$ cat my_file.pdb   # PDB, C-alpha atoms, pLDDT in the B column
ATOM      1  CA  MET A   1       6.878  11.577 -33.622  1.00 61.00           C
ATOM      2  CA  GLU A   2       3.209  10.806 -33.029  1.00 67.00           C
ATOM      3  CA  ASP A   3       1.150   8.460 -35.169  1.00 85.00           C
ATOM      4  CA  PRO A   4      -1.047  10.311 -37.658  1.00 92.00           C
ATOM      5  CA  ALA A   5      -4.543  11.086 -36.427  1.00 95.00           C
ATOM      6  CA  ILE A   6      -7.640  12.291 -38.226  1.00 97.00           C
ATOM      7  CA  TYR A   7      -8.819  15.809 -37.387  1.00 97.00           C
ATOM      8  CA  GLU A   8     -12.275  17.105 -38.257  1.00 97.00           C
ATOM      9  CA  VAL A   9     -12.283  20.664 -39.587  1.00 96.00           C
ATOM     10  CA  PHE A  10     -15.209  23.041 -39.148  1.00 96.00           C
ATOM     11  CA  ARG A  11     -15.263  26.476 -40.731  1.00 94.00           C
ATOM     12  CA  ARG A  12     -17.216  29.704 -40.522  1.00 94.00           C
ATOM     13  CA  GLU A  13     -17.621  31.330 -43.922  1.00 91.00           C
ATOM     14  CA  LYS A  14     -18.278  34.848 -42.636  1.00 90.00           C
ATOM     15  CA  ALA A  15     -18.783  36.630 -39.317  1.00 90.00           C
ATOM     16  CA  GLY A  16     -22.020  35.580 -37.679  1.00 90.00           C
ATOM     17  CA  ALA A  17     -22.471  32.472 -39.839  1.00 92.00           C
ATOM     18  CA  PRO A  18     -22.694  29.044 -38.201  1.00 94.00           C
ATOM     19  CA  MET A  19     -19.759  26.661 -38.103  1.00 94.00           C
ATOM     20  CA  VAL A  20     -20.131  23.899 -40.701  1.00 95.00           C
ATOM     21  CA  HIS A  21     -18.136  20.740 -41.285  1.00 96.00           C
ATOM     22  CA  ALA A  22     -15.561  21.432 -43.983  1.00 94.00           C
ATOM     23  CA  GLY A  23     -13.682  18.137 -44.120  1.00 95.00           C
ATOM     24  CA  THR A  24     -10.818  16.266 -42.496  1.00 97.00           C
ATOM     25  CA  VAL A  25      -7.051  16.402 -42.359  1.00 97.00           C
ATOM     26  CA  THR A  26      -4.621  13.712 -41.246  1.00 97.00           C
ATOM     27  CA  ALA A  27      -1.672  14.943 -39.217  1.00 96.00           C
ATOM     28  CA  ALA A  28       0.917  13.744 -36.727  1.00 95.00           C
ATOM     29  CA  GLY A  29      -0.154  16.318 -34.138  1.00 94.00           C
ATOM     30  CA  PRO A  30      -2.430  19.272 -33.435  1.00 94.00           C
ATOM     31  CA  ASP A  31       0.105  21.880 -34.588  1.00 95.00           C
ATOM     32  CA  LEU A  32       0.526  20.179 -37.941  1.00 96.00           C
ATOM     33  CA  ALA A  33      -3.262  19.682 -38.216  1.00 96.00           C
ATOM     34  CA  LEU A  34      -3.696  23.422 -37.748  1.00 95.00           C
ATOM     35  CA  ILE A  35      -1.275  24.142 -40.589  1.00 95.00           C
ATOM     36  CA  TYR A  36      -2.914  21.580 -42.894  1.00 96.00           C
ATOM     37  CA  ALA A  37      -6.409  22.897 -42.114  1.00 95.00           C
ATOM     38  CA  ARG A  38      -5.359  26.476 -42.749  1.00 93.00           C
ATOM     39  CA  GLU A  39      -3.805  25.481 -46.085  1.00 94.00           C
ATOM     40  CA  CYS A  40      -6.814  23.401 -47.183  1.00 92.00           C
ATOM     41  CA  PHE A  41      -9.696  25.513 -45.882  1.00 92.00           C
ATOM     42  CA  GLY A  42      -8.395  29.016 -45.302  1.00 87.00           C
ATOM     43  CA  ARG A  43      -5.638  30.022 -47.673  1.00 83.00           C
ATOM     44  CA  ARG A  44      -7.948  31.633 -50.245  1.00 84.00           C
ATOM     45  CA  GLY A  45      -9.823  33.632 -47.631  1.00 82.00           C
ATOM     46  CA  GLU A  46     -12.938  31.458 -47.825  1.00 84.00           C
ATOM     47  CA  SER A  47     -13.046  30.960 -44.055  1.00 88.00           C
ATOM     48  CA  HIS A  48     -13.552  33.498 -41.290  1.00 91.00           C
ATOM     49  CA  ALA A  49     -12.723  30.961 -38.536  1.00 94.00           C
ATOM     50  CA  LEU A  50     -11.660  27.319 -38.264  1.00 94.00           C
ATOM     51  CA  TRP A  51     -12.140  24.688 -35.583  1.00 95.00           C
ATOM     52  CA  ILE A  52      -9.774  21.713 -35.737  1.00 96.00           C
ATOM     53  CA  VAL A  53     -10.859  18.802 -33.519  1.00 96.00           C
ATOM     54  CA  PRO A  54      -9.310  15.329 -33.149  1.00 97.00           C
ATOM     55  CA  ARG A  55     -11.882  12.811 -34.348  1.00 95.00           C
ATOM     56  CA  ALA A  56     -11.236  10.781 -31.190  1.00 93.00           C
ATOM     57  CA  ALA A  57     -12.496  13.740 -29.095  1.00 94.00           C
ATOM     58  CA  LEU A  58     -15.927  13.754 -30.745  1.00 92.00           C
ATOM     59  CA  ILE A  59     -18.812  12.000 -29.042  1.00 92.00           C
ATOM     60  CA  THR A  60     -21.425  10.371 -31.254  1.00 89.00           C
ATOM     61  CA  LEU A  61     -25.037  10.279 -30.138  1.00 88.00           C
ATOM     62  CA  ASP A  62     -27.111   8.096 -32.431  1.00 86.00           C
ATOM     63  CA  ASP A  63     -29.403   6.220 -30.027  1.00 86.00           C
ATOM     64  CA  ALA A  64     -32.954   6.626 -31.360  1.00 81.00           C
ATOM     65  CA  ASP A  65     -34.431   6.249 -27.873  1.00 78.00           C
ATOM     66  CA  ILE A  66     -32.439   9.193 -26.562  1.00 80.00           C
ATOM     67  CA  LEU A  67     -32.968  11.374 -29.645  1.00 78.00           C
ATOM     68  CA  ALA A  68     -36.722  10.745 -29.880  1.00 78.00           C
ATOM     69  CA  PRO A  69     -38.843  13.423 -28.244  1.00 71.00           C
ATOM     70  CA  VAL A  70     -40.352  12.400 -24.911  1.00 73.00           C
ATOM     71  CA  LEU A  71     -43.603  14.251 -25.538  1.00 75.00           C
ATOM     72  CA  ASP A  72     -45.597  14.660 -28.731  1.00 71.00           C
ATOM     73  CA  ARG A  73     -45.006  18.245 -29.749  1.00 69.00           C
ATOM     74  CA  SER A  74     -46.166  17.979 -33.338  1.00 67.00           C
ATOM     75  CA  TYR A  75     -48.353  21.035 -32.783  1.00 68.00           C
ATOM     76  CA  ARG A  76     -45.137  23.085 -32.748  1.00 69.00           C
ATOM     77  CA  SER A  77     -44.169  21.884 -36.201  1.00 68.00           C
ATOM     78  CA  VAL A  78     -45.093  23.751 -39.345  1.00 66.00           C
ATOM     79  CA  GLU A  79     -46.040  20.412 -40.870  1.00 62.00           C
ATOM     80  CA  GLY A  80     -49.201  20.447 -38.751  1.00 55.00           C
ATOM     81  CA  TYR A  81     -50.613  23.446 -40.597  1.00 62.00           C
ATOM     82  CA  ARG A  82     -52.162  22.884 -43.997  1.00 68.00           C
ATOM     83  CA  MET A  83     -52.704  26.470 -45.073  1.00 72.00           C
ATOM     84  CA  ARG A  84     -53.238  25.703 -48.756  1.00 76.00           C
ATOM     85  CA  GLU A  85     -56.325  23.589 -48.046  1.00 78.00           C
ATOM     86  CA  LYS A  86     -57.660  26.110 -45.517  1.00 77.00           C
ATOM     87  CA  LEU A  87     -57.224  29.024 -47.946  1.00 78.00           C
ATOM     88  CA  LYS A  88     -58.911  27.092 -50.733  1.00 81.00           C
ATOM     89  CA  ALA A  89     -61.875  26.254 -48.476  1.00 82.00           C
ATOM     90  CA  ALA A  90     -62.160  29.878 -47.337  1.00 82.00           C
ATOM     91  CA  ARG A  91     -62.105  31.161 -50.934  1.00 84.00           C
ATOM     92  CA  GLU A  92     -64.870  28.747 -51.895  1.00 85.00           C
ATOM     93  CA  HIS A  93     -67.106  30.285 -49.218  1.00 83.00           C
ATOM     94  CA  LEU A  94     -66.600  33.828 -50.546  1.00 83.00           C
ATOM     95  CA  PRO A  95     -69.085  35.299 -53.008  1.00 79.00           C
ATOM     96  CA  ARG A  96     -67.858  35.317 -56.622  1.00 72.00           C
ATOM     97  CA  THR A  97     -67.166  39.107 -56.666  1.00 66.00           C
ATOM     98  CA  GLU A  98     -64.778  39.026 -53.670  1.00 53.00           C
ATOM     99  CA  ARG A  99     -62.437  36.360 -55.081  1.00 49.00           C
TER     100      ARG A  99
END
$ encode --input "my_file.pdb" --output "structure tokens"
Amino acid sequence: MEDPAIYEVFRREKAGAPMVHAGTVTAAGPDLALIYARECFGRRGESHALWIVPRAALITLDDADILAPVLDRSYRSVEGYRMREKLKAAREHLPRTER
């Protein structure tokens, strides 16, 4: 019998929805992990699909140098647009009857 391993469980709530992390199960093998995941995250019909992945198979990428954008693309971000201030300034330029 294998040593217990931790399996990460991802679930899809309904067709077309993204997969989200649901939790973990600890099992002695992938077949048992599948059964545990189904019992924990699918028995009440709350999941449309499950992914069960050994934690050891996941690759973590947390290097800030790699994750940082190479070019400044802040102009693509909504944060760059201050519509409230622009609307207020435009309204102040309108005659009193058009407000």
$ closest_residue --input "my_file.pdb" --among "A:Ala5, A:Leu61, A:Leu50, A:Ala15" --to "Pro30 of chain A" --atoms "all atoms listed in the file"
A:Ala5
$ atom_distance --input "my_file.pdb" --atom1 "atom CA of Glu8 of chain A" --atom2 "atom CA of Phe41 of chain A"
11.6 Å
$ resolve_selection --input "my_file.pdb" --expression "the PyMOL selection byres ((chain A and resi 28) around 7)" --output "ChimeraX atom specification"
/A:2-5,27,29,32
$ resolve_selection --input "my_file.pdb" --expression "the PyMOL selection byres ((chain A and resi 20) around 12)" --output "list in words"
Glu8, Val9, Phe10, Arg11, Arg12, Glu13, Lys14, Ala17, Pro18, Met19, His21, Ala22, Gly23, Phe41, Ser47, His48, Ala49, Leu50, Trp51 and Ile52 of chain A
$ atom_distance --input "my_file.pdb" --atom1 "atom CA of Tyr36 of chain A" --atom2 "atom CA of Val53 of chain A"
12.6 Å
$ build_atoms --input "my_file.pdb" --residues "segment 12-30 of chain A" --atoms "N, CA and C atoms" --output "short mmCIF file (atom, residue, chain, number, x, y, z; two decimals), in the frame of the given file"
data_model
loop_
_atom_site.label_atom_id
_atom_site.label_comp_id
_atom_site.auth_asym_id
_atom_site.auth_seq_id
_atom_site.Cartn_x
_atom_site.Cartn_y
_atom_site.Cartn_z
N ARG A 12 -16.19 28.65 -40.47
CA ARG A 12 -17.22 29.70 -40.52
C ARG A 12 -16.89 30.53 -41.76
N GLU A 13 -17.86 30.64 -42.66
CA GLU A 13 -17.62 31.33 -43.92
C GLU A 13 -17.50 32.83 -43.75
N LYS A 14 -18.35 33.42 -42.89
CA LYS A 14 -18.28 34.85 -42.64
C LYS A 14 -18.72 35.11 -41.20
N ALA A 15 -18.43 36.29 -40.70
CA ALA A 15 -18.78 36.63 -39.32
C ALA A 15 -20.29 36.45 -39.10
N GLY A 16 -20.63 35.80 -38.01
CA GLY A 16 -22.02 35.58 -37.68
C GLY A 16 -22.62 34.32 -38.27
N ALA A 17 -21.97 33.70 -39.23
CA ALA A 17 -22.47 32.47 -39.84
C ALA A 17 -22.19 31.29 -38.91
N PRO A 18 -22.95 30.21 -39.04
CA PRO A 18 -22.69 29.04 -38.20
C PRO A 18 -21.45 28.29 -38.65
N MET A 19 -20.88 27.53 -37.75
CA MET A 19 -19.76 26.66 -38.10
C MET A 19 -20.33 25.45 -38.83
N VAL A 20 -19.71 25.07 -39.94
CA VAL A 20 -20.13 23.90 -40.70
C VAL A 20 -18.93 22.99 -40.92
N HIS A 21 -19.21 21.70 -41.06
CA HIS A 21 -18.14 20.74 -41.28
C HIS A 21 -17.54 20.97 -42.67
N ALA A 22 -16.24 21.15 -42.72
CA ALA A 22 -15.56 21.43 -43.98
C ALA A 22 -14.87 20.20 -44.54
N GLY A 23 -14.40 19.32 -43.67
CA GLY A 23 -13.68 18.14 -44.12
C GLY A 23 -12.76 17.62 -43.04
N THR A 24 -11.76 16.85 -43.44
CA THR A 24 -10.82 16.27 -42.50
C THR A 24 -9.39 16.48 -42.99
N VAL A 25 -8.48 16.44 -42.05
CA VAL A 25 -7.05 16.40 -42.36
C VAL A 25 -6.43 15.31 -41.50
N THR A 26 -5.37 14.71 -41.99
CA THR A 26 -4.62 13.71 -41.25
C THR A 26 -3.26 14.31 -40.93
N ALA A 27 -2.93 14.32 -39.63
CA ALA A 27 -1.67 14.94 -39.22
C ALA A 27 -1.09 14.20 -38.03
N ALA A 28 0.21 14.40 -37.82
CA ALA A 28 0.92 13.74 -36.73
C ALA A 28 0.71 14.45 -35.40
N GLY A 29 0.09 15.61 -35.38
CA GLY A 29 -0.15 16.32 -34.14
C GLY A 29 -1.04 17.52 -34.37
N PRO A 30 -1.51 18.14 -33.29
CA PRO A 30 -2.43 19.27 -33.44
C PRO A 30 -1.81 20.48 -34.14
#
